[in-house]
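*Asks:* This is the structure I want to talk about, given as structure tokens.
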Amino acid sequence: MDSGGGGYCNPRTVEEVFRDFKGRRAGLIKALTTDVEEFYQQCDPEKENLCLYGFPGEQWEVNLPAEEVPPELPEPALGINFARDGMQEKDWLSLVAVHSDAWLLAVSFYFGARFGFDKADRKRLFNMINDLPTVFEVVTGVAKKQSKEKSSNHSSTKSKPNSKVTSESQTKYSKATPQKEEVEGMDEDEDEDEHGETLCGACGENYGTDEFWICCDICEKWFHGKCVKITPARAEHIKQYKCPSCSGKRARP
């Protein structure tokens, strides 16, 4: 029985193991990005312990763990569905992505050990794997950020729709940084005028130019980042920000 390989053919060389890794990785990324709604629905917390499997043919599957003990292949993280409704969706997807990366490495190095890869082969396999962005980096957008951060260091504001974060993630937020001199003085004044009368939806205090500020895409209320525990770094990876109040209103399937 193949406990999560989808009919793998016992890859025996470094190249074959890497091909197996890439196929499984592509399937997992598909589940956590393009097929995310279907994946979310399948991870019902009312069901038993579920795992996310990636197959060499670039497919994915949510299923119960293998009944065989010990399983023929290392098993993915168990019970990912139980955490689904206990945290924000983006955080849950990031958590699943981290465990998926760990599982992919475990499967690849299981093959390496099983077929006697020596130190040089193991190093070569790891370097080939390490040249690809992790599932976590793809799912959270870190991979894109790393490639663009040198050319886009200036701060993003709601009044600048062409900025990196707003265009890529549709996240409306404003932050003031020491690099503000890159923005023209007029933009600074406009930014202050735009937010000067705005009150934080959590604490009720005014907007401050030296404070990180984020807007909920659902109710369009503004919040101090510190009040809703969102940092500028986290905000860059949020496709659609929901404030704590709106997050609690998500309809159950």
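Ordering of the structure tokens sets the chain letters (A, B, ...); residue numbers start at 1 within each chain; ligands are numbered from 1 in the order shown.
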Got a sec: who's within 8 Å of Cys243 in chain A, counting only C-alpha atoms, leaving out chain neighbours fewer than 5 positions off, as an NGL selection string?
*Replies:* :A and (216 or 218 or 228)
*Asks:* So that I can check the surroundings of range 24-26 of chain A, please list as number ranges by chain every protein, DNA and RNA residue that reaches within 6 Å of it, counting only C-alpha atoms and ignoring chain neighbours fewer than 6 positions away.
*Replies:* A: 54-56, 58
*Asks:* Which residue is closest to His99 in chain A? Choose from A:Trp222, A:Tyr53, A:Phe111, A:Phe126 and count only C-alpha atoms.
*Replies:*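 That would be A:Tyr53, the residue with the smallest distance to His99 in chain A.
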*Asks:* Residues of range 7-47 of chain A in helix (DSSP H, G or I) according to DSSP, as a ChimeraX atom specification?
*Replies:* /A:14-32,36-42
